[in-house]
Amino acid sequence: MKITFYPYDFEYKVENGKVYVYSYSKLDNGRKVAIKHQHRVFFYASLDNVNQTELKKRLENLTIEKKPLPAKVIGYEEVERELLGKNKSFLKIYANYPQAVPLLAKQLDDWGVECFEKDILFIHRYLRDLDLIPMTEIEAEGEYQGDIFLAETLKQKSKNTCGWKILALDIETYSVKKEIDMVKNPILMIALYGKDFRKVITWKKFSASDPSIDFVEDEKKLLEKVSELIKKYSPEIITGYFSDGFDLPYIKKRVEITKAKFDFELVIRDQARSGEVKINKLLHLDLIKFIKQIFGLDLKVESYSLDNIAEKLLGSKKHIVNLDKLTDVWNNHPEKLEEFCSYNLQDAKLTFELCEKLLADMIEFSVIIGLPLFDITRMRFGRLVESYILKKAIAKNVIAPNRPGDSEVSERMNESIKGAFVYEPTPGLYRDLAVFDFRSLYPTIIISHNIGPEGFHCSCCQDNQVPFHSQFWFCSKKQSFLPSVLKEVIDRRTEVKKQIKLAEQKEKVRLEAKSYALKILANSFYGYLGYYGARWYTLESAASTTAYARYYIRDTITKAEKKGFKVCYADTDSCFLLLGDKQLDEAMTFMRDINGSLPGNMELEFEGFFTRGIFVAIKGSGKSKLLGVPGNSEFSAGTDKGAKKKYALLSSEGKIKITGFETVRRNWSVLAKEVQREVLRLVLEDKVDLAIAYTKSVVKDLKKGNMPLGKLILKTQLTRPLKNYRVLAPHILVAQKMVEQGEPVSSGTLIKYIIVKGSGLIRDRAKLPHEVKEGEYDCDYYINHQLIPAVSSILTVFNYSEEDLFQESSQTGLGKFI
DNA sequence: CCAGGCCGGGG
DNA sequence: GTGTACGGCCTGG
């Protein structure tokens with residue numbers, strides 16, 4: 001019979017000498033089933049300089065003792081494969097079970113026979129060999145054996161996924177002084193949250209108004225109840241936030257200690273690392289890793305805490321509760337426990353909503369790369385890219401090079417390459433800027449110049465030298481494996497982007513996720529070439545990619561200047577042209593000319609037109625004295641070094657784009673951020689006089705003591721336990737004060753403080769915000785350490801010195817601006 | 001300036 | 001599980 005199913009979790013078992021993969025799956029009717037399917041175990045041995053007769057004889061008699069099953073070779077065949085661009089003969093060697101492979105391969109290596117693909121996880125091997133995609137529709141032909149469907153054949157039916165039942169979980173624990181100790185401290189409550197499902201279970205009785213709070217006798221019963229509820233709800237996906245590192249290891253430990261009956265097997269892998277927890281026959285997703293390592297790249301957050309991420313992605317926050325009090329309330333005021341239950345439930349709710357929001361993205365990665373979601377969501381770029389390449393290798397008959405050993409890794413870690421070109425801007429305010437950038441610069445260079453290990457130093461193209469590296473060249477005759485894989489990624493993305501334009505809303509969401517996944521994947525190839533753990537590592541490839549990039553951007557600048565444009569800035573893949581007396585379409589013509597000369601799929605694109613742009617001087621190089629009177633509309637700070645990656649632009653629609661200014665730094669007061677932003681806006685709108693006046697008015701307010709204290713709070717996070725600090729920075733003294741006041745403080749606590757008037761060291765004048773009286777703040781401190789650093793580099797461009805702005809005695813004629 | 005250590009998230 | 005994190009920041013030498 002035939003069934004279609006959607007697999008979400010995998011494992012293998014050895015039964016009667018055969019190896020079966022179990023795919024835990026969902027059926028169209030919403031039920032769950034395990035699909036059992038046999039697969040062969042194998043690896044490759046190179047036949048280079050090998051006496052085949054001798055090798056085959058040895059293989060037939062090879063047995064390595066190992067419990068519970070001796071490792072054996074159960075067959076072999078000679079095959080042709082490509083390794084790093086060269087066609088070679090290999091022996092495809094079949095082993096009796098997966099864990100036999102490393103043992104057998106080691107023996108062969110000891111005989112001097114080089115082995116390949118000996119460390120590929122069996123489930124991964126299986127999915128790649130059969131070209132199956134987790135979470136999507138697969139068709140099986142076979143028979144039920146009891147609850148299990150024994151499949152004869154499997155085949156991918158479509159790349160559609162189905163609806164998934166998600167349950168989010170969050171725990172709260174007993175804790176003295178923020179200490180986390182899963183042996184000493186019990187779990188006090190557990191929240192579960194799903195679609196139409198919400199529950200908090202706790203083991204201290206109080207009168208609760210929320211009906212979703214349930215009470216049990218003790219911690220053991222709590223764990224058993226949770227197990228029951230999960231079983232009854234029967235989700236495919238359990239999700240948590242840092243649940244690999246906290247909630248699930250904690251539950252596992254408490255189940256052990258209380259001897260509770262818990263029906264889900266929690267398997268902690270890699271205890272040495274921060275850990276991964278597999279829940280057998282379910283899919284456990286810890287959202288933090290995927291967000292931190294893959295999804296959160298352009299998220300620009302200062303921390304990956306649930307509160308922060310939920311606010312950024314969902315627009316909702318955690319409940320505000322003083323968790324430090326939970327233990328005390330638990331012991332002495334159980335009647336106040338409800339707010340902690342709500343807090344617990346809210347965390348589970350946020351986690352659930354994050355999972356719902358990110359699931360499409362996670363699944364797209366899984367679809368593209370073809371590996372279980374459990375693994376995909378825990379990978380970094382290096383492994384993600386490599387997994388994709390490994391999948392593509394099969395169809396192209398390519399064998400994967402081996403991973404580097406420890407010594408190779410440490411050698412690679414000491415190597416480095418020259419990076420991108422950044423044009424040093426001349427500080428000043430510029431008008432009429434046309435900004436161009438190369439679309440996907442690094443990927444298109446790799447493809448267009450066929451960069452990768454296979455074509456490196458080919459015998460046919462020695463005169464095809466890489467710019468700035470006369471000793472490097474890549475084959476220009478035959479497209480190599482790696483660039484061909486990357487080209488496929490780029491082409492697929494182009495195709496998806498086309499589809500997005502035509503798609504309906506629902507389909508659009510999925511296509512956007514796919515496009516995003518492909519983009520991340522494409523952009524990671526360059527990094528992969530220089531990643532020390534990569535199988536296809538070639539530093540020469542990475543170095544050549546950046547060398548070509550430097551060549552193209554410089555070439556573009558030179559050509560622009562020849563056409564009579566001035567270039568005021570360029571960074572990696574972008575180039576800022578000053579139109580001067582030219583029209584925008586002349587710049588567009590220039591762009592088309594450039595595109596006519598570019599190889600392959602490289603392309604210069606129009607990024608935008610900006611009426612104003614400001615570039616400032618590097619800190620320290622800036623002058624504090626007046627250099628002269630500005631000429632006409634354009635100001636220039638003359639000989640100062642311009643800061644790279646720090647500028648602000650004003651688009652023709654009036655939108656301001658700020659890059660590199662530290663407006664987002666946490667240890668800046670709100671005041672500094674606000675003033676910097678406003679000053680940038682004003683000077684870009686040609687209102688320099690207003691910018692000066694505004695700054696002076698802020699100074700005046702500060703001096704009068706009128707500034708709201710909230711804008712003056714400085715925040716610094718403790719990075720270790722308080723007692724480990726020797727240098728007494730202001731925030732350390734404040735933290736000590738907090739401890740004296742009975743507020744627990746530990747590594748990770750965000751210390752907030754305000755500097756107040758008085759004599760002596762700044763650190764002795766740092767006070768907790770609630771202790772500061774209105775107007776008590778030290779205005780000189782805020783002027784010198786917050787305002788000046790925020791705006792001086794901007795105003796220096798217009799030849800205003802700090803003295804002009806911040807000293808009342810100054811007689812530089814600023815009166816006219818006030 | 002470098003090597004080596006520690007941290008993240010979580011209560 | 002046919003694996004053995006990792007990149008950034010701080011500190012002390």
# chains A, B, ... in the order shown; residues from 1 in each chain; ligands from 1
>>> interface_residues(of="chain B", to="chain A", cutoff="8 Å", atoms="only C-alpha atoms (C1' of nucleotides)", output="ChimeraX atom specification")
/B:7,9-11
>>> closest_atom_pairs(of="chain C", to="chain A", cutoff="7 Å", atoms="only C-alpha atoms (C1' of nucleotides)", output="Markdown table")
| residue | atom | partner | partner_atom | distance |
| --- | --- | --- | --- | --- |
| C:DT2 | C1' | A:Asp119 | CA | 4.2 |
| C:DT4 | C1' | A:Asp270 | CA | 6.6 |
| C:DA5 | C1' | A:Arg273 | CA | 5.9 |
>>> write_last_selection(atoms="C-alpha atoms (C1' of nucleotides)", output="PDB file, in the first residue's frame")
ATOM      1  C1'  DT C   2      29.958   7.643  10.761  1.00  0.00           C
ATOM      2  C1'  DT C   4      32.618  17.421  19.557  1.00  0.00           C
ATOM      3  C1'  DA C   5      30.677  25.016  19.540  1.00  0.00           C
TER       4       DA C   5
END
>>> select_by_dssp(residues="segment 578-801 of chain A", states="strand (DSSP E)", output="number ranges by chain")
A: 578, 604-617, 642-651, 656-659, 714-717, 750-755, 766-767
>>> write_last_selection(atoms="N, CA and C atoms", output="CSV table (one decimal), in the first residue's frame")
chain,number,residue,atom,x,y,z
A,578,LEU,N,29.6,61.9,-6.8
A,578,LEU,CA,29.1,63.3,-6.7
A,578,LEU,C,28.7,63.7,-8.1
A,604,LEU,N,26.5,46.0,-11.5
A,604,LEU,CA,26.5,47.2,-10.7
A,604,LEU,C,25.1,47.7,-10.7
A,605,GLU,N,24.5,48.0,-9.5
A,605,GLU,CA,23.1,48.5,-9.4
A,605,GLU,C,23.0,49.9,-8.8
A,606,PHE,N,22.0,50.5,-9.2
A,606,PHE,CA,21.7,51.9,-8.6
A,606,PHE,C,21.1,51.7,-7.2
A,607,GLU,N,21.7,52.2,-6.2
A,607,GLU,CA,21.2,52.1,-4.9
A,607,GLU,C,20.3,53.2,-4.5
A,608,GLY,N,20.6,54.4,-4.9
A,608,GLY,CA,19.8,55.5,-4.7
A,608,GLY,C,20.4,56.9,-4.9
A,609,PHE,N,19.6,57.9,-4.9
A,609,PHE,CA,20.1,59.3,-5.1
A,609,PHE,C,19.8,60.0,-3.7
A,610,PHE,N,20.8,60.7,-3.3
A,610,PHE,CA,20.7,61.4,-2.0
A,610,PHE,C,21.1,62.9,-2.2
A,611,THR,N,20.3,63.7,-1.7
A,611,THR,CA,20.5,65.2,-1.9
A,611,THR,C,21.7,65.7,-1.0
A,612,ARG,N,21.8,65.1,0.2
A,612,ARG,CA,22.9,65.5,1.0
A,612,ARG,C,23.6,64.2,1.6
A,613,GLY,N,24.9,64.4,1.9
A,613,GLY,CA,25.5,63.3,2.7
A,613,GLY,C,26.6,63.9,3.5
A,614,ILE,N,26.8,63.4,4.8
A,614,ILE,CA,27.8,64.0,5.6
A,614,ILE,C,28.8,62.9,6.0
A,615,PHE,N,30.1,63.3,5.9
A,615,PHE,CA,31.1,62.4,6.4
A,615,PHE,C,31.9,63.1,7.4
A,616,VAL,N,32.3,62.5,8.5
A,616,VAL,CA,33.0,63.2,9.6
A,616,VAL,C,34.4,62.7,9.7
A,617,ALA,N,35.1,63.4,10.6
A,617,ALA,CA,36.5,63.0,10.8
A,617,ALA,C,36.7,61.9,11.8
A,642,GLY,N,39.2,61.2,7.2
A,642,GLY,CA,37.8,60.8,7.3
A,642,GLY,C,37.5,59.5,8.0
A,643,ALA,N,36.5,59.4,8.7
A,643,ALA,CA,36.1,58.1,9.4
A,643,ALA,C,35.5,57.2,8.3
A,644,LYS,N,35.9,56.0,8.3
A,644,LYS,CA,35.3,55.0,7.4
A,644,LYS,C,34.0,54.4,8.0
A,645,LYS,N,33.1,54.1,7.2
A,645,LYS,CA,31.8,53.4,7.7
A,645,LYS,C,31.1,54.3,8.7
A,646,LYS,N,31.2,55.6,8.5
A,646,LYS,CA,30.4,56.5,9.4
A,646,LYS,C,30.0,57.7,8.6
A,647,TYR,N,28.7,57.7,8.3
A,647,TYR,CA,28.1,58.8,7.5
A,647,TYR,C,26.6,58.8,7.6
A,648,ALA,N,26.0,59.9,7.1
A,648,ALA,CA,24.6,59.9,7.1
A,648,ALA,C,24.1,60.5,5.8
A,649,LEU,N,23.0,60.0,5.3
A,649,LEU,CA,22.6,60.5,4.0
A,649,LEU,C,21.1,61.0,4.1
A,650,LEU,N,20.8,61.9,3.2
A,650,LEU,CA,19.4,62.4,3.2
A,650,LEU,C,18.9,62.1,1.8
A,651,SER,N,17.8,61.3,1.7
A,651,SER,CA,17.3,60.9,0.4
A,651,SER,C,16.4,62.0,-0.2
A,656,ILE,N,16.2,59.9,6.3
A,656,ILE,CA,17.6,60.0,6.7
A,656,ILE,C,18.1,58.6,6.9
A,657,LYS,N,19.3,58.3,6.4
A,657,LYS,CA,19.9,57.0,6.6
A,657,LYS,C,21.2,57.2,7.3
A,658,ILE,N,21.3,56.7,8.5
A,658,ILE,CA,22.5,56.8,9.4
A,658,ILE,C,23.3,55.5,9.4
A,659,THR,N,24.6,55.6,9.1
A,659,THR,CA,25.4,54.5,9.2
A,659,THR,C,26.6,54.7,10.1
A,714,LEU,N,22.8,56.1,32.5
A,714,LEU,CA,23.8,55.4,31.8
A,714,LEU,C,23.7,53.9,32.2
A,715,LYS,N,23.9,53.0,31.2
A,715,LYS,CA,23.7,51.6,31.5
A,715,LYS,C,24.9,50.8,31.1
A,716,THR,N,25.4,50.0,32.0
A,716,THR,CA,26.5,49.1,31.7
A,716,THR,C,26.2,47.7,32.3
A,717,GLN,N,26.4,46.7,31.5
A,717,GLN,CA,26.1,45.4,31.9
A,717,GLN,C,27.3,44.8,32.6
A,750,LEU,N,22.2,44.5,34.4
A,750,LEU,CA,22.3,45.8,33.7
A,750,LEU,C,22.3,46.8,34.8
A,751,ILE,N,23.4,47.5,35.0
A,751,ILE,CA,23.5,48.5,36.1
A,751,ILE,C,23.2,49.9,35.5
A,752,LYS,N,22.2,50.5,36.1
A,752,LYS,CA,21.8,51.9,35.6
A,752,LYS,C,22.2,52.9,36.7
A,753,TYR,N,22.8,54.0,36.2
A,753,TYR,CA,23.2,55.0,37.1
A,753,TYR,C,23.3,56.4,36.5
A,754,ILE,N,23.4,57.4,37.3
A,754,ILE,CA,23.5,58.8,36.9
A,754,ILE,C,24.7,59.4,37.6
A,755,ILE,N,25.4,60.3,36.9
A,755,ILE,CA,26.6,61.0,37.6
A,755,ILE,C,26.0,62.3,38.2
A,766,ALA,N,28.6,58.4,41.1
A,766,ALA,CA,27.6,57.6,40.3
A,766,ALA,C,26.6,57.1,41.3
A,767,LYS,N,25.3,57.5,41.0
A,767,LYS,CA,24.2,57.1,41.9
A,767,LYS,C,23.2,56.3,41.2
>>> atom_distance(atom1="atom CA of Pro134 of chain A", atom2="atom CA of Phe374 of chain A")
10.1 Å
>>> select_by_dssp(residues="segment 484-617 of chain A", states="alpha helix (DSSP H)", output="MDAnalysis selection string")
chainID A and resid 484:502 505:529 539:562 584:597
>>> residues_around(residues="Ser416 of chain A", least_positions_apart="4", cutoff="10 Å", atoms="only C-alpha atoms (C1' of nucleotides)", output="ChimeraX atom specification")
/A:412,530,539,542-543
>>> write_last_selection(atoms="C-alpha atoms", output="mmCIF file, in the first residue's frame")
data_model
loop_
_atom_site.group_PDB
_atom_site.id
_atom_site.type_symbol
_atom_site.label_atom_id
_atom_site.label_comp_id
_atom_site.auth_asym_id
_atom_site.auth_seq_id
_atom_site.Cartn_x
_atom_site.Cartn_y
_atom_site.Cartn_z
ATOM 1 C CA ARG A 412 44.335 27.529 9.445
ATOM 2 C CA GLY A 530 38.077 30.796 4.505
ATOM 3 C CA LEU A 539 42.361 30.445 1.651
ATOM 4 C CA ALA A 542 38.880 33.587 -0.190
ATOM 5 C CA ALA A 543 41.852 35.899 -0.787
#
